[in-house]
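Data file: query-v6.cif. Format and content: mmCIF, C-alpha atoms.
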data_data
loop_
_atom_site.label_atom_id
_atom_site.label_comp_id
_atom_site.auth_asym_id
_atom_site.auth_seq_id
_atom_site.Cartn_x
_atom_site.Cartn_y
_atom_site.Cartn_z
CA MET K 182 30.17 -43.48 12.00
CA SER K 183 29.58 -40.22 13.74
CA ILE K 184 28.44 -37.08 12.02
CA ASN K 185 29.99 -33.78 12.94
CA LEU K 186 27.39 -31.05 12.85
CA LEU K 187 29.06 -27.75 12.08
CA HIS K 188 27.45 -24.39 12.55
CA ARG K 189 27.29 -22.66 9.19
CA HIS K 190 25.92 -19.17 8.90
CA VAL K 191 23.32 -18.68 6.16
CA LEU K 192 25.47 -15.91 4.64
CA ASP K 193 28.62 -18.07 4.46
CA ASP K 194 27.78 -18.87 0.85
CA HIS K 195 27.48 -15.19 -0.02
CA ILE K 196 30.94 -14.27 1.16
CA SER K 197 33.77 -15.64 -0.89
CA GLY K 198 37.32 -14.60 -1.68
CA PHE K 199 39.84 -12.99 0.61
CA GLU K 200 38.94 -10.94 3.61
CA THR K 201 40.36 -7.51 2.99
CA ASP K 202 40.90 -4.70 5.45
CA THR K 203 37.70 -3.04 6.55
CA ASN K 204 36.80 0.34 5.13
CA PRO K 205 35.14 3.08 7.19
CA ASN K 206 31.81 1.90 5.79
CA HIS K 207 31.49 -1.66 6.96
CA LEU K 208 28.82 -4.32 7.21
CA SER K 209 29.38 -6.79 10.05
CA ILE K 210 27.47 -10.05 10.14
CA ILE K 211 27.07 -11.24 13.71
CA ARG K 212 27.73 -14.96 13.57
CA ARG K 213 25.71 -16.21 16.53
CA PRO K 214 23.42 -13.58 18.03
CA VAL K 215 20.70 -14.43 20.52
CA ILE K 216 17.32 -13.18 19.33
CA PHE K 217 14.11 -13.83 21.23
CA SER K 218 10.64 -12.79 20.18
CA VAL K 219 8.69 -11.45 23.16
CA LEU K 220 4.93 -10.98 23.25
CA ALA K 221 3.02 -9.25 26.05
CA HIS K 222 -0.29 -10.58 27.29
CA GLU K 223 -3.27 -8.30 27.01
CA SER K 224 -3.09 -5.21 29.26
CA ARG K 225 0.46 -6.12 30.39
CA GLU K 226 2.14 -4.24 27.53
CA THR K 227 3.63 -1.33 29.46
CA ALA K 228 4.93 -3.49 32.31
CA VAL K 229 6.65 -5.90 29.91
CA ALA K 230 8.14 -3.03 27.88
CA GLU K 231 9.51 -1.46 31.05
CA ALA K 232 11.04 -4.74 32.21
CA LEU K 233 12.66 -5.27 28.81
CA TRP K 234 14.14 -1.78 28.72
CA ASN K 235 15.56 -2.21 32.21
CA ALA K 236 17.07 -5.63 31.48
CA GLU K 237 20.84 -5.97 31.46
CA ASP K 238 22.77 -7.56 28.57
CA VAL K 239 19.67 -7.49 26.37
CA ALA K 240 18.77 -4.89 23.77
CA PRO K 241 15.00 -4.62 23.18
CA ARG K 242 13.76 -3.92 19.66
CA PHE K 243 10.29 -2.51 19.15
CA CYS K 244 8.06 -4.42 16.67
CA SER K 245 4.52 -3.49 17.68
CA PRO K 246 2.72 -2.30 20.85
CA SER K 247 2.76 -5.82 22.29
CA GLU K 248 5.72 -7.38 20.54
CA TRP K 249 9.47 -6.93 20.82
CA LEU K 250 12.67 -8.67 19.91
CA ALA K 251 15.20 -9.19 22.69
CA VAL K 252 18.69 -9.20 21.17
CA SER K 253 21.93 -10.07 22.87
CA ARG K 254 25.45 -10.34 21.51
CA THR K 255 27.11 -10.98 24.85
CA VAL K 256 25.16 -13.63 26.77
CA GLY K 257 23.84 -17.04 25.78
CA ALA K 258 20.29 -18.08 24.96
CA GLY K 259 19.87 -19.82 28.32
CA MET K 260 20.55 -16.66 30.30
CA VAL K 261 18.22 -14.58 28.14
CA ALA K 262 15.47 -17.20 28.52
CA ASP K 263 15.96 -17.17 32.30
CA MET K 264 15.72 -13.39 32.37
CA LEU K 265 12.59 -13.36 30.15
CA SER K 266 10.83 -16.04 32.19
CA GLY K 267 11.11 -13.70 35.16
CA ILE K 268 8.92 -11.08 33.44
CA ALA K 269 5.26 -11.48 34.41
CA GLY K 270 2.80 -11.38 31.54
CA ALA K 271 5.30 -12.11 28.77
CA SER K 272 5.56 -15.04 26.38
CA PHE K 273 8.77 -15.58 24.45
CA VAL K 274 10.35 -17.89 21.93
CA ASP K 275 13.94 -18.32 20.77
CA GLN K 276 14.32 -17.10 17.19
CA SER K 277 18.11 -17.00 17.04
CA ASP K 278 18.27 -19.52 14.19
CA GLY K 279 15.43 -17.91 12.28
CA ARG K 280 16.79 -14.38 12.15
CA VAL K 281 19.99 -12.87 10.86
CA LEU K 282 21.56 -9.87 12.54
CA VAL K 283 23.80 -7.51 10.59
CA GLU K 284 25.33 -4.24 11.69
CA ILE K 285 26.12 -1.48 9.22
CA SER K 286 28.27 1.46 10.25
CA GLY K 287 30.32 4.25 8.78
CA PRO K 288 30.10 7.89 7.70
CA SER K 289 27.96 7.12 4.61
CA VAL K 290 25.57 4.75 6.35
CA ARG K 291 22.56 7.02 5.98
CA ALA K 292 23.20 7.52 2.27
CA ILE K 293 23.35 3.75 1.84
CA LEU K 294 20.25 3.03 3.91
CA ALA K 295 18.32 5.80 2.15
CA LYS K 296 18.27 3.48 -0.86
CA CYS K 297 17.05 0.53 1.23
CA VAL K 298 14.37 1.84 3.58
CA ALA K 299 11.58 4.32 2.92
CA ILE K 300 11.57 6.10 6.26
CA ASP K 301 13.35 9.19 7.52
CA LEU K 302 16.57 8.24 9.32
CA HIS K 303 17.48 11.78 10.40
CA PRO K 304 18.80 11.62 13.98
CA GLU K 305 16.04 13.95 15.17
CA VAL K 306 13.35 11.62 13.80
CA PHE K 307 14.97 8.22 14.20
CA GLU K 308 16.96 8.71 17.38
CA GLU K 309 19.74 6.64 18.83
CA GLY K 310 18.21 3.65 20.61
CA HIS K 311 15.12 3.82 18.41
CA SER K 312 13.99 0.69 16.57
CA ALA K 313 11.08 -0.21 14.32
CA ALA K 314 9.82 -2.84 11.92
CA MET K 315 9.96 -1.69 8.30
CA LEU K 316 10.64 -2.79 4.77
CA CYS K 317 14.37 -2.97 4.06
CA CYS K 318 15.29 -3.94 0.49
CA HIS K 319 11.68 -5.19 0.05
CA ALA K 320 12.02 -7.58 3.00
CA GLU K 321 10.41 -7.19 6.40
CA ALA K 322 13.15 -6.12 8.75
CA ASN K 323 13.68 -4.62 12.16
CA VAL K 324 16.02 -1.65 11.95
CA ALA K 325 17.56 -0.08 15.06
CA ARG K 326 19.90 2.85 15.46
CA THR K 327 22.63 1.85 17.90
CA GLY K 328 24.92 4.82 17.34
CA ALA K 329 25.16 8.08 15.42
CA ASP K 330 26.35 6.25 12.29
CA ARG K 331 25.53 2.70 13.23
CA PHE K 332 22.42 0.62 12.55
CA GLU K 333 21.45 -2.95 13.32
CA ILE K 334 19.20 -4.79 10.88
CA ILE K 335 17.40 -8.04 11.73
CA VAL K 336 15.91 -9.96 8.80
CA PRO K 337 14.33 -13.40 8.50
CA ARG K 338 16.91 -16.04 7.68
CA SER K 339 15.35 -16.99 4.34
CA LEU K 340 15.53 -13.38 3.11
CA ALA K 341 18.99 -12.63 4.49
CA GLY K 342 20.82 -13.55 1.28
CA SER K 343 18.88 -11.17 -0.92
CA VAL K 344 18.96 -8.36 1.65
CA PHE K 345 22.71 -8.83 2.07
CA GLU K 346 23.35 -8.73 -1.69
CA GLU K 347 21.24 -5.61 -2.05
CA LEU K 348 22.91 -3.83 0.88
CA MET K 349 26.32 -4.56 -0.64
CA GLU K 350 25.13 -3.30 -4.03
CA MET K 351 23.82 -0.08 -2.50
CA GLY K 352 27.07 0.34 -0.56
CA ARG K 353 29.32 -0.21 -3.55
CA GLU K 354 29.70 3.47 -4.39
CA HIS K 355 30.69 4.07 -0.75
CA ALA K 356 33.23 1.20 -0.76
CA LEU K 357 31.23 -0.84 1.74
CA THR K 358 33.16 -3.87 3.00
CA ARG K 359 31.71 -6.89 4.79
CA GLY K 360 32.81 -9.59 7.17
CA PHE K 361 31.77 -11.87 10.00
CA VAL K 362 32.25 -11.00 13.63
CA ASP K 363 32.02 -13.55 16.40
CA MET S 107 -3.89 6.80 -3.59
CA ALA S 108 -2.72 8.30 -0.33
CA SER S 109 0.97 7.49 -0.36
CA LEU S 110 2.08 8.37 3.17
CA ILE S 111 0.21 6.91 6.14
CA THR S 112 1.04 7.96 9.68
CA CYS S 113 0.75 4.74 11.66
CA PRO S 114 -0.04 5.45 15.34
CA HIS S 115 2.60 2.90 16.35
CA CYS S 116 5.33 3.25 13.71
CA GLY S 117 5.15 6.80 12.42
CA THR S 118 4.98 7.97 8.81
CA ARG S 119 5.27 5.06 6.41
CA PRO S 120 4.88 4.54 2.65
CA LYS S 121 1.71 2.83 1.41
CA GLU S 122 3.76 -0.15 0.14
CA GLU S 123 3.99 -1.39 3.72
CA PHE S 124 0.21 -1.75 3.98
CA SER S 125 -2.46 -4.05 2.66
CA ILE S 126 -5.94 -2.56 2.18
CA ARG S 127 -8.66 -4.77 3.60
CA GLY S 128 -11.86 -2.97 2.65
CA ALA S 129 -14.44 -0.62 4.09
CA ALA S 130 -14.52 -0.20 7.86
CA ALA S 131 -18.01 1.26 8.13
CA PRO S 132 -20.17 -1.91 7.79
CA LYS S 133 -21.04 -3.35 11.19
CA ARG S 134 -20.90 -7.12 11.57
CA PRO S 135 -24.41 -8.48 12.28
CA SER S 136 -25.05 -10.82 15.19
CA PRO S 137 -24.60 -14.56 14.41
CA THR S 138 -28.35 -15.07 14.63
CA ALA S 139 -29.20 -12.23 12.24
CA LYS S 140 -31.26 -12.96 9.14
CA ASP S 141 -29.60 -14.12 5.94
CA GLU S 142 -30.51 -10.81 4.31
CA ALA S 143 -28.50 -8.90 6.90
CA TRP S 144 -25.51 -11.19 6.35
CA HIS S 145 -25.86 -10.90 2.58
CA VAL S 146 -25.75 -7.12 2.87
CA TYR S 147 -22.78 -7.25 5.24
CA VAL S 148 -20.75 -9.63 3.08
CA TYR S 149 -21.58 -8.54 -0.47
CA VAL S 150 -23.25 -5.16 -0.68
CA ARG S 151 -20.91 -2.20 -0.65
CA ASP S 152 -21.26 1.47 -1.38
CA ASN S 153 -18.77 2.89 -3.82
CA PRO S 154 -18.43 6.36 -2.37
CA LYS S 155 -16.54 9.25 -3.84
CA GLY S 156 -14.92 11.33 -1.14
CA ARG S 157 -14.42 10.67 2.53
CA TYR S 158 -14.06 6.99 3.28
CA GLN S 159 -13.07 4.73 6.20
CA GLU S 160 -11.02 1.67 5.38
CA TYR S 161 -9.19 -1.11 7.18
CA TRP S 162 -5.48 -1.05 6.41
CA HIS S 163 -3.24 -3.84 7.66
CA HIS S 164 0.30 -2.68 8.44
CA VAL S 165 1.84 -5.85 7.08
CA ALA S 166 5.47 -4.78 6.97
CA GLY S 167 5.44 -2.81 10.20
CA CYS S 168 3.60 -3.40 13.45
CA ARG S 169 1.20 -5.91 11.84
CA ARG S 170 -1.76 -4.16 13.45
CA PHE S 171 -5.06 -3.44 11.72
CA LEU S 172 -5.61 0.29 11.34
CA VAL S 173 -8.61 2.33 10.29
CA VAL S 174 -7.58 4.99 7.79
CA GLU S 175 -10.04 7.78 7.08
CA ARG S 176 -9.17 9.28 3.73
CA ASP S 177 -10.61 11.03 0.74
CA ASN S 178 -10.40 8.80 -2.30
CA LEU S 179 -10.75 11.81 -4.60
CA THR S 180 -8.18 14.25 -3.20
CA HIS S 181 -5.98 11.59 -1.52
CA GLU S 182 -6.08 13.55 1.72
CA VAL S 183 -5.70 11.45 4.88
CA PHE S 184 -7.83 12.71 7.79
CA GLY S 185 -6.84 10.29 10.50
CA VAL S 186 -5.41 6.90 11.32
CA THR S 187 -6.48 4.91 14.38
CA ASP S 188 -5.77 1.42 15.62
CA ALA S 189 -8.68 -0.86 14.69
CA ALA S 190 -9.02 -2.02 18.32
CA GLU S 191 -9.55 1.59 19.44
CA PHE S 192 -11.94 2.15 16.52
CA GLU S 193 -14.03 -0.83 17.66
CA ARG S 194 -14.03 0.38 21.25
CA ALA S 195 -15.07 3.87 20.20
CA GLY S 196 -17.85 2.37 18.06
CA ALA S 197 -19.06 0.18 20.94
CA ASP S 198 -19.27 3.18 23.28
CA GLU S 199 -21.63 5.07 20.97
#
structure tokens encoding of this file:
Amino acid sequence: MSINLLHRHVLDDHISGFETDTNPNHLSIIRRPVIFSVLAHESRETAVAEALWNAEDVAPRFCSPSEWLAVSRTVGAGMVADMLSGIAGASFVDQSDGRVLVEISGPSVRAILAKCVAIDLHPEVFEEGHSAAMLCCHAEANVARTGADRFEIIVPRSLAGSVFEELMEMGREHALTRGFVD
Amino acid sequence: MASLITCPHCGTRPKEEFSIRGAAAPKRPSPTAKDEAWHVYVYVRDNPKGRYQEYWHHVAGCRRFLVVERDNLTHEVFGVTDAAEFERAGADE
């Protein structure tokens, strides 16, 4: 007897009922993102950061002076690993299964996130392309601004359920909808 | 308690993101130092009122150890440095 192993997203259990049309304020759960954790060896920090920011198909996310997340929604894990192994002085590990990537967008996104994170998200302070590790809904998360009204949040898989529920609760007054994207 | 800490790597953050790890002023004795020196280093602490240097671990942010110089009476924060830089500056003196 053979066993079919199906890919199930950790948030599958949190989404039930009919998919309705999306509202302007929407939370997208990326079903299979590629997320690598990248660490720079001592004194190689600036060179590794530069290489990451110049890489194609990969979005770097700042965690600490010697640590980043390399996120991709377009290419596979193999290609990202190949690219990262070409960077001298960097160590990396695939964390795609250990992290959950959600994207929240819409005109009220800052009002929603103001109830989830304790830092200033004004575009002059937290600019487009900026990313940082912070507490989001009491969970350690990496939040990045990818557009004027668009943020990407990366949370550990085990905390994704509670963060998701809380984001939806905070977005309720703004009619936040949710759904998977492939 | 100082409630906003400006992390040199992450920017201004609430104190909930940090874990306080104790006074930064005591210098670690050499491994061959006398037991008395180690006893003082491990157990004996001043309890100052006023300006104070402390290790803060930025647990929910960059996960770096920082040295926060603050006044524990007025809650004023005078400066925040990375603990690695603090050590280097101390070694140069």
Checklist line | Residues within 7 Å of (18.5, -2.3, 14.0), counting all atoms listed in the file, listed as a list in words | finding: Ser312, Asn323, Val324, Ala325, Arg326, Phe332, Glu333, Ile334 and Ile335 of chain K
Contacts of Asp188 of chain S within 8 Å, all atoms listed in the file, excl. fewer than 5 positions in-chain, as a PyMOL selection string:
chain S and resi 114+170-173
Need the neighbours of (7.8, -4.1, 21.3): which residues are at most 12 Å away, counting only C-alpha atoms, as a PyMOL selection string?
(chain K and resi 217-222+225-234+240-251+271+273+311-314+323) or (chain S and resi 115-116+167-169)
**Residues matched by the PyMOL selection byres ((chain K and resi 201) around 10), written as number ranges by chain** = K: 198-200, 202-204, 358-360
inquiry  = When you look at Ile126 of chain S with a cut-off of 7 Å (counting only C-alpha atoms), what residues show up, excluding the ones that are within fewer than 5 positions of it in the same chain? I need them as a PyMOL selection string.
reply    = chain S and resi 161-163
What lies within 12 Å of segment 349-353 of chain K using all atoms listed in the file, ignoring chain neighbours under 4 positions off, as a PDB file with C-alpha atoms, in the coordinates of the input?
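The result, stored in around14.pdb:
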ATOM      1  CA  HIS K 195      27.480 -15.190  -0.020  1.00  0.00           C
ATOM      2  CA  ILE K 196      30.940 -14.270   1.160  1.00  0.00           C
ATOM      3  CA  ASN K 204      36.800   0.340   5.130  1.00  0.00           C
ATOM      4  CA  PRO K 205      35.140   3.080   7.190  1.00  0.00           C
ATOM      5  CA  ASN K 206      31.810   1.900   5.790  1.00  0.00           C
ATOM      6  CA  HIS K 207      31.490  -1.660   6.960  1.00  0.00           C
ATOM      7  CA  LEU K 208      28.820  -4.320   7.210  1.00  0.00           C
ATOM      8  CA  SER K 209      29.380  -6.790  10.050  1.00  0.00           C
ATOM      9  CA  VAL K 283      23.800  -7.510  10.590  1.00  0.00           C
ATOM     10  CA  ILE K 285      26.120  -1.480   9.220  1.00  0.00           C
ATOM     11  CA  SER K 286      28.270   1.460  10.250  1.00  0.00           C
ATOM     12  CA  GLY K 287      30.320   4.250   8.780  1.00  0.00           C
ATOM     13  CA  PRO K 288      30.100   7.890   7.700  1.00  0.00           C
ATOM     14  CA  SER K 289      27.960   7.120   4.610  1.00  0.00           C
ATOM     15  CA  VAL K 290      25.570   4.750   6.350  1.00  0.00           C
ATOM     16  CA  ARG K 291      22.560   7.020   5.980  1.00  0.00           C
ATOM     17  CA  ALA K 292      23.200   7.520   2.270  1.00  0.00           C
ATOM     18  CA  ILE K 293      23.350   3.750   1.840  1.00  0.00           C
ATOM     19  CA  LEU K 294      20.250   3.030   3.910  1.00  0.00           C
ATOM     20  CA  ALA K 295      18.320   5.800   2.150  1.00  0.00           C
ATOM     21  CA  LYS K 296      18.270   3.480  -0.860  1.00  0.00           C
ATOM     22  CA  CYS K 297      17.050   0.530   1.230  1.00  0.00           C
ATOM     23  CA  VAL K 298      14.370   1.840   3.580  1.00  0.00           C
ATOM     24  CA  CYS K 317      14.370  -2.970   4.060  1.00  0.00           C
ATOM     25  CA  CYS K 318      15.290  -3.940   0.490  1.00  0.00           C
ATOM     26  CA  GLY K 342      20.820 -13.550   1.280  1.00  0.00           C
ATOM     27  CA  SER K 343      18.880 -11.170  -0.920  1.00  0.00           C
ATOM     28  CA  VAL K 344      18.960  -8.360   1.650  1.00  0.00           C
ATOM     29  CA  PHE K 345      22.710  -8.830   2.070  1.00  0.00           C
ATOM     30  CA  LEU K 357      31.230  -0.840   1.740  1.00  0.00           C
ATOM     31  CA  THR K 358      33.160  -3.870   3.000  1.00  0.00           C
ATOM     32  CA  ARG K 359      31.710  -6.890   4.790  1.00  0.00           C
ATOM     33  CA  GLY K 360      32.810  -9.590   7.170  1.00  0.00           C
TER      34      GLY K 360
END
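Using all atoms listed in the file, the smallest distance between any of S:Val165, S:Ala189, S:Ala195, S:Val150 and chain K comes from S:Val165.
Matched in the shown structure by the PyMOL selection byres ((chain K and resi 280) around 7): K:Gln276, K:Ser277, K:Asp278, K:Gly279, K:Val281, K:Leu282, K:Ile335, K:Val336, K:Pro337, K:Arg338.
If you apply the PyMOL selection byres ((chain K and resi 191) around 8) to this structure, you end up with Arg189, His190, Leu192, Asp193, Asp194, Arg338, Ala341 and Gly342 of chain K.
Atom pair atom CA of Val186 of chain S / atom CA of Ser109 of chain S: separated by 13.3 Å.
Picture a line from atom CA of Pro154 of chain S to atom CA of Glu142 of chain S; it runs 22.0 Å.
Residues lying within 6 Å of Met315 of chain K, counting all atoms listed in the file and ignoring same-chain neighbours fewer than 3 positions away, are K:Glu321, K:Ala322, S:Ala166, S:Gly167.
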